[in-house]
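Q: My structure is in coords_38.txt, and what it holds is compact mmCIF, C-alpha atoms and all ligand atoms:
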```
# COMPACT_ATOMS: atom_id res chain seq x y z
CA MET A 1 70.47 112.51 115.29
CA ASN A 2 71.16 112.37 119.02
CA ILE A 3 73.89 110.03 120.22
CA LEU A 4 74.81 108.75 123.66
CA ILE A 5 78.25 107.23 124.22
CA LEU A 6 78.92 105.32 127.44
CA GLY A 7 82.40 105.44 128.94
CA GLY A 8 85.09 107.89 129.91
CA GLY A 9 88.39 106.71 128.49
CA GLY A 10 90.55 107.42 125.48
CA ARG A 11 88.43 105.06 123.44
CA GLU A 12 85.30 107.08 124.14
CA HIS A 13 87.04 110.41 123.47
CA ALA A 14 88.06 109.02 120.07
CA LEU A 15 84.52 107.76 119.38
CA ALA A 16 83.10 111.17 120.35
CA TRP A 17 85.62 112.97 118.16
CA ALA A 18 84.75 110.82 115.14
CA VAL A 19 81.00 111.06 115.68
CA LEU A 20 81.26 114.87 115.80
CA GLN A 21 82.90 114.94 112.35
CA ASN A 22 79.63 113.68 110.91
CA PRO A 23 77.05 116.38 110.12
CA LYS A 24 74.29 113.88 110.98
CA CYS A 25 75.13 114.30 114.65
CA ASP A 26 72.89 116.97 116.18
CA ARG A 27 73.57 116.27 119.83
CA LEU A 28 76.24 114.16 121.52
CA ILE A 29 76.16 113.17 125.18
CA VAL A 30 78.92 111.12 126.80
CA ALA A 31 78.52 109.51 130.21
CA PRO A 32 80.56 109.96 132.30
CA GLY A 33 83.18 111.35 129.89
CA ASN A 34 86.41 113.01 131.05
CA ALA A 35 88.01 116.45 130.87
CA GLY A 36 88.88 116.08 127.18
CA ILE A 37 85.43 114.84 126.22
CA ALA A 38 83.83 117.67 128.19
CA GLY A 39 85.64 120.07 125.86
CA ILE A 40 83.82 118.73 122.78
CA ALA A 41 80.52 117.21 123.97
CA GLU A 42 77.92 117.31 126.71
CA THR A 43 78.68 114.97 129.58
CA ALA A 44 76.23 113.34 131.96
CA ARG A 45 76.48 111.64 135.32
CA ILE A 46 74.53 108.39 135.13
CA ASP A 47 75.36 104.92 136.38
CA ILE A 48 76.53 103.34 133.13
CA GLU A 49 76.27 99.85 134.57
CA ASP A 50 72.58 100.31 135.37
CA GLY A 51 70.64 99.33 132.24
CA ARG A 52 67.37 100.84 133.38
CA ALA A 53 68.97 104.16 134.31
CA VAL A 54 70.73 104.33 130.94
CA ALA A 55 67.58 103.42 128.97
CA GLU A 56 65.49 106.00 130.87
CA PHE A 57 68.08 108.70 130.38
CA ALA A 58 68.34 107.87 126.66
CA ALA A 59 64.59 107.95 126.18
CA GLU A 60 64.31 111.31 127.93
CA ALA A 61 67.09 112.80 125.81
CA ALA A 62 65.49 111.41 122.61
CA VAL A 63 68.65 109.46 121.84
CA ASP A 64 68.74 107.69 118.45
CA LEU A 65 71.87 105.64 119.02
CA VAL A 66 73.60 104.33 122.15
CA VAL A 67 77.27 103.40 121.73
CA ILE A 68 78.59 101.27 124.59
CA GLY A 69 82.34 101.59 125.17
CA PRO A 70 83.34 99.49 128.19
CA GLU A 71 82.84 95.77 128.76
CA ALA A 72 81.52 96.29 132.29
CA SER A 73 78.35 97.89 130.88
CA LEU A 74 77.92 95.00 128.43
CA ALA A 75 78.43 92.46 131.22
CA ALA A 76 75.80 94.29 133.28
CA GLY A 77 73.20 93.92 130.51
CA VAL A 78 72.98 97.59 129.55
CA ALA A 79 72.58 96.70 125.85
CA ASP A 80 69.70 94.33 126.70
CA ALA A 81 67.90 97.05 128.65
CA CYS A 82 68.37 99.63 125.90
CA ARG A 83 67.16 97.24 123.18
CA ALA A 84 64.17 96.29 125.29
CA ALA A 85 63.34 100.00 125.44
CA GLY A 86 63.41 100.16 121.64
CA LEU A 87 66.73 101.98 121.33
CA ALA A 88 69.33 101.34 118.62
CA VAL A 89 72.47 100.12 120.38
CA LEU A 90 76.04 99.41 119.38
CA GLY A 91 77.08 96.62 121.74
CA PRO A 92 76.02 93.03 122.31
CA ASP A 93 73.46 91.74 124.77
CA ARG A 94 74.82 90.16 127.93
CA ALA A 95 74.49 86.62 126.55
CA ALA A 96 76.54 87.37 123.44
CA ALA A 97 79.06 89.48 125.40
CA ARG A 98 80.07 86.22 127.08
CA VAL A 99 82.58 85.85 124.23
CA GLU A 100 84.57 88.31 126.36
CA THR A 101 83.21 87.94 129.86
CA SER A 102 83.87 84.20 130.07
CA LYS A 103 87.06 82.80 128.59
CA SER A 104 85.77 79.24 128.90
CA PHE A 105 82.60 80.23 127.00
CA ALA A 106 84.75 81.63 124.18
CA LYS A 107 86.81 78.45 124.04
CA GLU A 108 83.75 76.24 124.00
CA LEU A 109 82.24 78.41 121.23
CA CYS A 110 85.41 77.91 119.15
CA ASP A 111 85.13 74.15 119.66
CA ALA A 112 81.50 74.14 118.54
CA ALA A 113 82.31 76.32 115.52
CA GLY A 114 85.53 74.53 114.61
CA ALA A 115 87.52 77.75 114.92
CA PRO A 116 91.29 77.43 115.41
CA THR A 117 92.48 78.46 118.88
CA ALA A 118 94.88 77.24 121.57
CA ARG A 119 94.12 73.80 123.04
CA TYR A 120 92.78 74.26 126.55
CA ALA A 121 91.36 72.71 129.68
CA ARG A 122 89.07 74.29 132.25
CA PHE A 123 89.13 73.77 136.02
CA GLU A 124 86.98 74.82 138.96
CA GLU A 125 89.44 73.80 141.66
CA ALA A 126 93.11 74.44 142.27
CA GLY A 127 94.12 70.76 142.79
CA PRO A 128 93.29 69.36 139.34
CA ALA A 129 94.48 72.59 137.70
CA ARG A 130 97.87 72.21 139.41
CA GLU A 131 98.08 68.57 138.32
CA HIS A 132 97.32 69.58 134.75
CA VAL A 133 100.11 72.18 134.82
CA GLN A 134 102.56 69.59 136.19
CA ALA A 135 101.57 67.11 133.50
CA GLN A 136 101.76 69.62 130.62
CA GLY A 137 104.91 71.45 131.72
CA ALA A 138 105.92 75.00 130.74
CA PRO A 139 105.58 77.32 128.95
CA ILE A 140 101.85 77.38 129.48
CA VAL A 141 99.10 80.03 129.73
CA VAL A 142 96.89 80.44 132.82
CA LYS A 143 93.74 82.58 132.58
CA ALA A 144 91.14 83.58 135.16
CA ASP A 145 87.78 82.81 133.57
CA GLY A 146 85.91 86.08 134.18
CA LEU A 147 86.55 89.76 133.49
CA ALA A 148 89.75 90.82 135.19
CA ALA A 149 90.52 94.24 133.67
CA GLY A 150 93.35 92.86 131.56
CA LYS A 151 95.09 91.33 134.56
CA GLY A 152 93.75 87.78 134.40
CA VAL A 153 96.29 86.23 132.00
CA VAL A 154 99.74 84.84 132.79
CA VAL A 155 101.95 83.44 130.05
CA ALA A 156 104.13 81.32 132.36
CA GLU A 157 107.65 80.41 131.31
CA THR A 158 108.12 77.94 134.17
CA VAL A 159 105.94 75.40 135.99
CA GLU A 160 106.46 77.33 139.26
CA GLU A 161 105.16 80.51 137.67
CA ALA A 162 102.15 78.65 136.26
CA LEU A 163 101.36 77.07 139.65
CA ALA A 164 101.60 80.47 141.32
CA ALA A 165 99.19 81.82 138.69
CA VAL A 166 96.74 78.99 139.38
CA ASP A 167 96.91 79.70 143.11
CA ALA A 168 96.43 83.42 142.50
CA VAL A 169 93.25 82.65 140.57
CA PHE A 170 91.71 80.61 143.36
CA ASP A 171 93.00 82.48 146.45
CA GLY A 172 94.12 85.74 144.95
CA PRO A 173 92.85 89.29 144.82
CA LEU A 174 90.83 88.65 141.65
CA GLY A 175 88.17 87.08 143.86
CA ALA A 176 85.00 86.10 142.03
CA ALA A 177 86.60 86.67 138.62
CA GLY A 178 88.92 83.78 139.39
CA ALA A 179 86.45 81.14 140.44
CA ARG A 180 87.44 79.18 137.33
CA VAL A 181 90.65 78.84 135.40
CA VAL A 182 91.41 78.12 131.76
CA ILE A 183 94.81 76.61 131.03
CA GLU A 184 96.02 76.80 127.45
CA GLU A 185 98.89 75.90 125.20
CA VAL A 186 101.13 78.85 124.28
CA LEU A 187 100.50 80.12 120.77
CA ARG A 188 103.52 81.34 118.81
CA GLY A 189 103.52 83.95 116.11
CA GLU A 190 102.64 87.62 115.79
CA GLU A 191 99.57 89.14 117.42
CA ALA A 192 97.11 91.44 115.71
CA SER A 193 93.68 92.84 116.52
CA PHE A 194 90.98 92.56 113.88
CA PHE A 195 87.78 94.58 114.35
CA VAL A 196 84.47 93.68 112.76
CA LEU A 197 80.95 95.03 113.07
CA VAL A 198 78.29 92.34 113.40
CA ASP A 199 74.55 93.01 113.24
CA GLY A 200 73.39 89.54 114.15
CA GLU A 201 73.80 88.34 110.59
CA GLU A 202 76.05 90.48 108.44
CA ILE A 203 79.72 91.06 109.19
CA LEU A 204 81.65 94.15 108.13
CA PRO A 205 85.45 94.32 108.63
CA PHE A 206 86.19 97.53 110.55
CA GLY A 207 89.96 97.77 110.63
CA THR A 208 93.07 96.16 112.02
CA ALA A 209 95.61 97.26 114.60
CA GLN A 210 98.46 96.05 116.73
CA ASP A 211 98.86 97.16 120.30
CA HIS A 212 101.60 97.06 122.89
CA LYS A 213 100.30 95.56 126.12
CA ARG A 214 103.50 95.60 128.15
CA ILE A 215 104.62 98.64 130.13
CA GLY A 216 108.27 98.46 129.08
CA GLU A 217 110.11 99.16 125.84
CA GLY A 218 110.85 96.09 123.77
CA ASP A 219 107.52 94.68 125.03
CA THR A 220 108.83 93.78 128.49
CA GLY A 221 107.47 94.03 132.02
CA PRO A 222 103.92 93.72 133.33
CA ASN A 223 100.81 93.82 131.16
CA THR A 224 98.79 97.03 131.00
CA GLY A 225 95.55 98.03 129.32
CA GLY A 226 97.71 98.99 126.32
CA MET A 227 100.56 101.53 125.99
CA GLY A 228 100.18 102.28 122.31
CA ALA A 229 98.84 100.99 119.03
CA TYR A 230 99.05 101.43 115.31
CA SER A 231 96.77 100.74 112.39
CA PRO A 232 96.67 99.01 109.98
CA ALA A 233 98.44 95.84 111.16
CA PRO A 234 100.86 94.92 108.37
CA ILE A 235 100.50 91.24 109.15
CA MET A 236 96.75 91.34 108.43
CA ASP A 237 97.09 91.09 104.66
CA ALA A 238 94.16 90.11 102.46
CA GLY A 239 94.86 86.38 102.81
CA VAL A 240 95.09 86.38 106.63
CA THR A 241 92.03 88.62 106.86
CA GLU A 242 89.96 86.31 104.69
CA ARG A 243 91.08 83.27 106.69
CA ALA A 244 90.23 85.01 109.97
CA LEU A 245 86.77 85.78 108.62
CA SER A 246 86.04 82.38 107.14
CA GLU A 247 87.68 80.18 109.79
CA ILE A 248 86.95 82.14 112.98
CA VAL A 249 84.56 85.10 112.78
CA ARG A 250 81.80 83.74 110.52
CA PRO A 251 81.55 80.28 112.12
CA CYS A 252 81.58 81.68 115.68
CA MET A 253 78.98 84.36 114.90
CA ALA A 254 76.82 81.78 113.10
CA GLU A 255 77.04 79.51 116.13
CA LEU A 256 75.89 82.32 118.46
CA ALA A 257 72.96 83.06 116.15
CA ARG A 258 72.07 79.36 115.97
CA ARG A 259 71.91 79.29 119.78
CA GLY A 260 69.43 82.16 119.80
CA THR A 261 71.91 84.72 121.15
CA PRO A 262 73.03 86.58 118.02
CA TYR A 263 75.89 89.03 118.37
CA SER A 264 75.27 92.67 117.56
CA GLY A 265 78.02 95.24 118.01
CA VAL A 266 81.77 95.60 117.57
CA LEU A 267 83.73 92.40 117.89
CA TYR A 268 87.42 92.58 118.73
CA VAL A 269 89.13 89.50 117.35
CA GLY A 270 92.54 89.02 118.99
CA LEU A 271 94.62 86.80 116.73
CA MET A 272 97.96 85.03 116.76
CA ILE A 273 99.29 84.59 113.24
CA GLU A 274 101.91 82.05 112.28
CA ASP A 275 102.87 81.25 108.69
CA GLY A 276 99.78 83.03 107.39
CA ALA A 277 97.43 81.02 109.63
CA PRO A 278 95.40 82.97 112.20
CA ARG A 279 94.34 81.44 115.50
CA LEU A 280 92.06 83.07 118.05
CA VAL A 281 93.68 84.36 121.25
CA GLU A 282 90.57 86.08 122.56
CA PHE A 283 87.39 87.87 121.64
CA ASN A 284 86.44 91.19 123.20
CA ALA A 285 82.91 92.50 122.89
CA ARG A 286 83.95 96.13 122.29
CA PHE A 287 86.58 98.34 120.69
CA GLY A 288 90.12 98.03 122.02
CA ASP A 289 91.67 100.93 123.86
CA PRO A 290 94.03 102.36 122.45
CA GLU A 291 93.32 100.58 119.13
CA CYS A 292 90.05 102.52 118.78
CA GLN A 293 91.93 105.84 118.79
CA CYS A 294 93.84 104.71 115.66
CA LEU A 295 90.72 103.43 113.92
CA MET A 296 88.72 106.59 114.62
CA ILE A 297 91.36 109.05 113.42
CA ARG A 298 91.50 107.05 110.19
CA LEU A 299 87.74 106.62 109.75
CA GLY A 300 86.50 110.04 110.81
CA ALA A 301 82.86 110.78 109.99
CA GLN A 302 82.09 107.44 108.33
CA ALA A 303 82.54 105.66 111.68
CA LEU A 304 79.10 106.95 112.70
CA ASP A 305 77.38 105.75 109.51
CA ALA A 306 78.80 102.25 109.95
CA MET A 307 78.02 102.06 113.68
CA GLN A 308 74.48 103.27 113.06
CA ALA A 309 73.98 100.72 110.27
CA CYS A 310 75.22 98.01 112.62
CA ALA A 311 72.92 99.07 115.45
CA GLU A 312 69.93 99.23 113.09
CA GLY A 313 70.62 95.84 111.51
CA ARG A 314 71.47 97.31 108.10
CA LEU A 315 75.11 96.28 107.80
CA GLY A 316 74.43 94.54 104.50
CA ASP A 317 74.19 97.99 102.85
CA ALA A 318 77.08 99.58 104.75
CA ARG A 319 80.53 100.29 103.31
CA VAL A 320 83.75 101.59 104.78
CA SER A 321 86.28 103.24 102.52
CA TRP A 322 89.78 103.21 103.90
CA ALA A 323 92.30 105.80 102.86
CA ASP A 324 95.78 104.50 102.16
CA ASP A 325 96.92 105.93 105.50
CA HIS A 326 98.39 104.88 108.83
CA ALA A 327 97.79 105.92 112.41
CA MET A 328 99.64 105.62 115.69
CA CYS A 329 98.55 106.22 119.27
CA VAL A 330 101.13 106.72 122.03
CA VAL A 331 99.70 106.39 125.54
CA MET A 332 101.01 108.69 128.25
CA ALA A 333 100.50 107.12 131.67
CA ALA A 334 101.03 108.25 135.24
CA ASP A 335 104.42 107.21 136.63
CA GLY A 336 104.05 103.87 138.42
CA TYR A 337 101.24 102.52 136.24
CA PRO A 338 100.22 99.65 136.06
CA GLY A 339 101.14 99.58 139.76
CA ALA A 340 100.33 102.34 142.24
CA TYR A 341 100.49 105.84 140.77
CA ASP A 342 99.81 109.41 141.85
CA ARG A 343 96.67 111.28 140.89
CA GLY A 344 96.28 115.01 140.61
CA THR A 345 99.56 115.93 138.93
CA GLU A 346 99.14 118.84 136.55
CA ILE A 347 99.42 118.50 132.77
CA ARG A 348 100.44 121.62 130.88
CA GLY A 349 101.01 122.57 127.30
CA LEU A 350 97.97 120.97 125.65
CA GLU A 351 96.41 124.34 124.85
CA ARG A 352 99.40 125.11 122.61
CA LEU A 353 98.74 122.04 120.48
CA VAL A 354 96.53 122.39 117.46
CA ALA A 355 94.10 119.52 116.98
CA SER A 356 93.53 118.59 113.35
CA SER A 357 92.35 115.62 111.37
CA GLY A 358 96.01 114.55 111.40
CA GLN A 359 96.74 114.71 115.14
CA VAL A 360 94.60 114.64 118.26
CA VAL A 361 95.38 114.27 121.95
CA PHE A 362 92.66 111.97 123.22
CA HIS A 363 92.11 112.12 126.97
CA ALA A 364 91.74 108.98 129.07
CA GLY A 365 92.13 109.58 132.82
CA THR A 366 91.97 113.37 133.07
CA ALA A 367 89.98 115.81 135.18
CA LEU A 368 89.74 119.56 135.67
CA GLU A 369 90.60 120.83 139.14
CA ASP A 370 90.27 124.57 139.74
CA GLY A 371 90.74 125.18 136.05
CA ALA A 372 93.88 123.02 135.82
CA LEU A 373 94.05 119.81 133.81
CA VAL A 374 95.19 116.98 136.08
CA ALA A 375 95.88 113.26 135.79
CA ALA A 376 93.00 111.23 137.20
CA GLY A 377 93.84 107.68 136.15
CA GLY A 378 96.61 105.29 135.13
CA ARG A 379 96.45 105.82 131.40
CA VAL A 380 96.01 109.56 131.00
CA LEU A 381 96.47 110.69 127.38
CA GLY A 382 96.43 108.93 124.00
CA VAL A 383 98.42 111.05 121.57
CA THR A 384 97.22 109.97 118.14
CA ALA A 385 98.43 110.94 114.68
CA ARG A 386 97.83 109.97 111.10
CA GLY A 387 100.32 109.88 108.23
CA ASP A 388 100.88 108.64 104.70
CA ASP A 389 102.96 105.86 106.19
CA LEU A 390 103.56 104.58 109.70
CA ARG A 391 106.89 106.39 110.00
CA GLN A 392 105.19 109.72 109.39
CA ALA A 393 102.40 108.87 111.83
CA ARG A 394 105.05 108.03 114.43
CA GLU A 395 107.00 111.26 113.86
CA ARG A 396 103.86 113.32 114.26
CA ALA A 397 102.68 111.46 117.35
CA TYR A 398 106.00 111.75 119.17
CA ALA A 399 106.36 115.44 118.22
CA VAL A 400 103.12 116.04 120.09
CA VAL A 401 104.15 113.80 123.00
CA ASP A 402 107.34 115.82 123.36
CA ALA A 403 105.35 119.05 123.48
CA VAL A 404 103.24 117.88 126.43
CA ASP A 405 104.54 119.34 129.68
CA TRP A 406 103.89 116.64 132.27
CA PRO A 407 106.98 115.61 134.26
CA GLN A 408 105.06 112.91 136.16
CA GLY A 409 104.01 111.19 132.95
CA THR A 410 105.65 108.23 131.31
CA PHE A 411 105.38 106.64 127.87
CA ARG A 412 107.11 104.18 125.56
CA ARG A 413 109.41 105.54 122.86
CA ASP A 414 109.14 102.41 120.71
CA ILE A 415 105.49 102.11 119.70
CA GLY A 416 105.37 100.41 116.31
CA TRP A 417 108.87 98.94 116.52
CA ARG A 418 107.88 95.58 115.08
CA ALA A 419 106.49 97.20 111.96
CA LEU A 420 109.19 99.87 111.62
CA ASP A 421 112.60 98.63 112.73
P1 LIG B 1 93.85 87.85 126.65
O1 LIG B 1 93.31 88.64 127.81
O2 LIG B 1 93.27 86.50 126.47
O3 LIG B 1 93.96 88.67 125.40
O4 LIG B 1 95.38 87.67 126.97
C1 LIG B 1 96.22 88.78 127.12
C2 LIG B 1 97.48 88.56 126.35
O5 LIG B 1 98.11 87.33 126.79
C3 LIG B 1 97.26 88.36 124.86
O6 LIG B 1 97.17 89.55 124.17
C4 LIG B 1 98.49 87.56 124.49
O7 LIG B 1 99.60 88.40 124.35
C5 LIG B 1 98.71 86.69 125.70
N1 LIG B 1 98.11 85.37 125.50
C6 LIG B 1 96.89 84.97 125.85
N2 LIG B 1 96.66 83.69 125.50
C7 LIG B 1 97.78 83.26 124.89
C8 LIG B 1 98.19 82.02 124.30
N3 LIG B 1 97.40 80.94 124.30
N4 LIG B 1 99.43 81.96 123.78
C9 LIG B 1 100.26 83.03 123.80
N5 LIG B 1 99.94 84.21 124.34
C10 LIG B 1 98.72 84.34 124.88
N1 LIG B 2 94.14 97.19 124.14
C1 LIG B 2 93.60 95.96 124.52
C2 LIG B 2 92.19 95.99 124.92
O1 LIG B 2 91.50 96.99 124.79
O2 LIG B 2 91.71 94.97 125.39
```
Please re-express this file's structure in structure tokens.
A:
Amino acid sequence: MNILILGGGGREHALAWAVLQNPKCDRLIVAPGNAGIAGIAETARIDIEDGRAVAEFAAEAAVDLVVIGPEASLAAGVADACRAAGLAVLGPDRAAARVETSKSFAKELCDAAGAPTARYARFEEAGPAREHVQAQGAPIVVKADGLAAGKGVVVAETVEEALAAVDAVFDGPLGAAGARVVIEEVLRGEEASFFVLVDGEEILPFGTAQDHKRIGEGDTGPNTGGMGAYSPAPIMDAGVTERALSEIVRPCMAELARRGTPYSGVLYVGLMIEDGAPRLVEFNARFGDPECQCLMIRLGAQALDAMQACAEGRLGDARVSWADDHAMCVVMAADGYPGAYDRGTEIRGLERLVASSGQVVFHAGTALEDGALVAAGGRVLGVTARGDDLRQARERAYAVVDAVDWPQGTFRRDIGWRALD
């Protein structure tokens, strides 16, 4: 079969790598891809936020499955356009992707479905939002309502910080994304990411992971897209997983179907778990990055079978068999990230590393310039390894990280510390 993957980050490199393990895959095209992806698959230059362009390209290339990586494509209705053209797609239509693209929509969906989540209020103007913050006191969580590339959430420890966050939403650089604000109670507990495939009706658990969003060791400093992850998440035991399914995932997916906007694709269920009780922090309408890198190195070829079954509405017959293994991804970022960082610094030493089913360097922001591999983004590499236990996965991942010759790169030494130390 012919497969088209949209996106060009570490997540999409991992998806491409897994898809290529499966002998069913005859042809793989990734748009736009990156330097690492270009080493294993065809890449194409199309506007991946233009549904019609994607659908036309896919039809011409006789694509059997479109896998949509980034949320921006989902928000732009690329899945709708592909489905309308008769293509099998992994990724929800725009209406169902609102679980991610509008935080207030997700909260309202939880209310309608009776799913446990943080208590919240929604505001369209700064004045009443500020009054609400004053009345509630700190700590408190302030969220811009729309997509904000991971930068729309402030967990404020003081009222001043919360007020500043409210002002930033209405006047700040987030612009249109911040036209509305959601203010929530702070949830306590341990976070985990739970992935499920949903085909409109059936739900198939697709792995768990924990990621490290902060730039600094010990989970300090500003939020990033994610500096590392590991899978499985020890806290997601059978009991918590079943509660997350029965209390959150099934009722919310049933409510979307009831409204005539069924969800079809990967659902990222961000949970806060306290005393064995999961509560929803957020939904994302896609795989997490770098969580996906951990899932894909563990799943290998079977990832394609499950994603295809999901896209074709056959999840009821699909199975995933998990090995008793663990994976870790350590992100190497350009110095300065998530603030301003340099592009174009050269990365050496990757050619010496042997990729195997146990360790892969997934590329995120990389490019080739005059034959040299250079950094072309904030998060640049996702060094991912598998092991019999998490400790072994960590040893393998950091051994590879230490072999990468990139003085302008930075990374956290403590990925997995909660589970290991
Ligand atoms: P979100 O974009 O909603 O996932 O928020 C980003 C991060 O902010 C989450 O991964 C949590 O670490 C944190 N966060 C969001 N909402 C809450 C909440 N209600 N209580 C505690 N932490 C939160
Ligand atoms: N790693 C968090 C995310 O992809 O949203």
Q: Could you check how far CA of Met272 in chain A sits from CA of Glu190 in chain A, in Å to one decimal?
A: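 Rounded to one decimal, the two atoms are 5.4 Å apart.
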Q: How close does each residue of chain A get to ligand LIG 2 (chain B), giving the shortest atom pair and distance in Å to one decimal for every residue with an atom at most 7 Å away, counting all atoms listed in the file, sorted by chain and residue number, as a tab-separated table?
A:
```
residue	atom	partner	partner_atom	distance
A:Gly150	CA	B:LIG2	O2	6.7
A:Asp211	CA	B:LIG2	N1	6.1
A:Lys213	CA	B:LIG2	N1	6.7
A:Gly225	CA	B:LIG2	N1	5.4
A:Gly226	CA	B:LIG2	N1	4.6
A:Asn284	CA	B:LIG2	O2	6.8
A:Phe287	CA	B:LIG2	O1	6.5
A:Gly288	CA	B:LIG2	O1	3.3
A:Asp289	CA	B:LIG2	O1	4.1
A:Pro290	CA	B:LIG2	N1	5.4
A:Glu291	CA	B:LIG2	N1	6.1
```
Q: Taking 5 positions as the minimum chain separation for residues in the same chain, which residues sit within 8 Å of range 353-358 of chain A when counting all atoms listed in the file? Answer as a list in words.
A: Ile297, Ala385, Arg386, Gly387, Val400 and Ala403 of chain A
Q: Would you pick out the contacts of Gly91 in chain A at 10 Å or less, using all atoms listed in the file, so that residues sharing its chain but fewer than 3 positions from it are not included, and give the list as number ranges by chain?
A: A: 66-71, 73-74, 77-80, 88, 94, 96-97, 197-199, 263-267, 285-287, 307, 310-311
Q: Write out as a count of residues only which residues come within 12 Å of range 375-378 of chain A when counting all atoms listed in the file, dropping same-chain ones fewer than 5 positions away.
A: 42
Q: Measuring atom to atom with all atoms listed in the file, identify which of A:Ala18, A:Val141, A:Val155, A:Ala113 is nearest to Arg259 in chain A.
A: A:Ala113
Q: Hey, which residues come within 6 Å of ligand LIG 1 (chain B) if we count only C-alpha atoms and all ligand atoms? Could you give them as a VMD selection string?
A: chain A and resid 118 141 150 153 184 to 187 281 to 282
Q: Which one is closest to Pro205 in chain A: A:Asp93, A:Glu124, A:Asp325, A:Glu242? Count only C-alpha atoms.
A: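 When distances to Pro205 in chain A are compared using only C-alpha atoms, the smallest one comes from A:Glu242.
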Q: Between CA of Glu12 in chain A and CA of Ala38 in chain A, what is the spacing in Å?
A: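 Computing the Euclidean distance for CA of Ala38 in chain A and CA of Glu12 in chain A yields 11.4 Å.
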Q: Between A:Pro278, A:Pro92, A:Gly207, A:Gly127, which is the closest to Ala303 in chain A once you count all atoms listed in the file?
A: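 Among the listed residues, the smallest separation from Ala303 in chain A belongs to A:Gly207.
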Q: Can you report as lines of an AutoDock Vina configuration file the centre and edge lengths in Å, to one decimal, of an axis-aligned box around the listed atoms of range 254-259 of chain A padded with 4 Å on each side?
A:
```
center_x = 74.5
center_y = 81.2
center_z = 116.4
size_x = 13.1
size_y = 11.8
size_z = 14.7
```
Q: Quick one: distance from CA of Val269 in chain A to CA of Gly7 in chain A in Å, one decimal?
A: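 So the two atoms, CA of Val269 in chain A and CA of Gly7 in chain A, lie 20.8 Å apart.
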Q: Would you pick out the contacts of Ile48 in chain A at 9 Å or less, using all atoms listed in the file, so that residues sharing its chain but fewer than 3 positions from it are not included, and give the list as a PyMOL selection string?
A: chain A and resi 6-7+31-32+45+51+53-54+72-73+78
Q: Would you please work out which residue, of A:Arg314, A:Arg352, A:Arg298, A:His326, is nearest to Glu395 in chain A when using all atoms listed in the file?
A: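 With all atoms listed in the file as the atom set, the closest residue is A:His326.
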Q: Using all atoms listed in the file, which residues sit within 6 Å of Ala138 in chain A once same-chain residues fewer than 5 positions away are excluded, as a VMD selection string?
A: chain A and resid 157 to 159
Q: Which is closest to Ala372 in chain A among A:Pro222, A:Gly349, A:Gly300, A:Pro234, if we use all atoms listed in the file?
A: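 With all atoms listed in the file as the atom set, the closest residue is A:Gly349.
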Q: Taking all atoms listed in the file into account, which of A:Val249, A:Val240, A:Leu381, A:Ile203 comes nearest Ala318 in chain A?
A: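 Smallest distance to Ala318 in chain A is found for A:Ile203.
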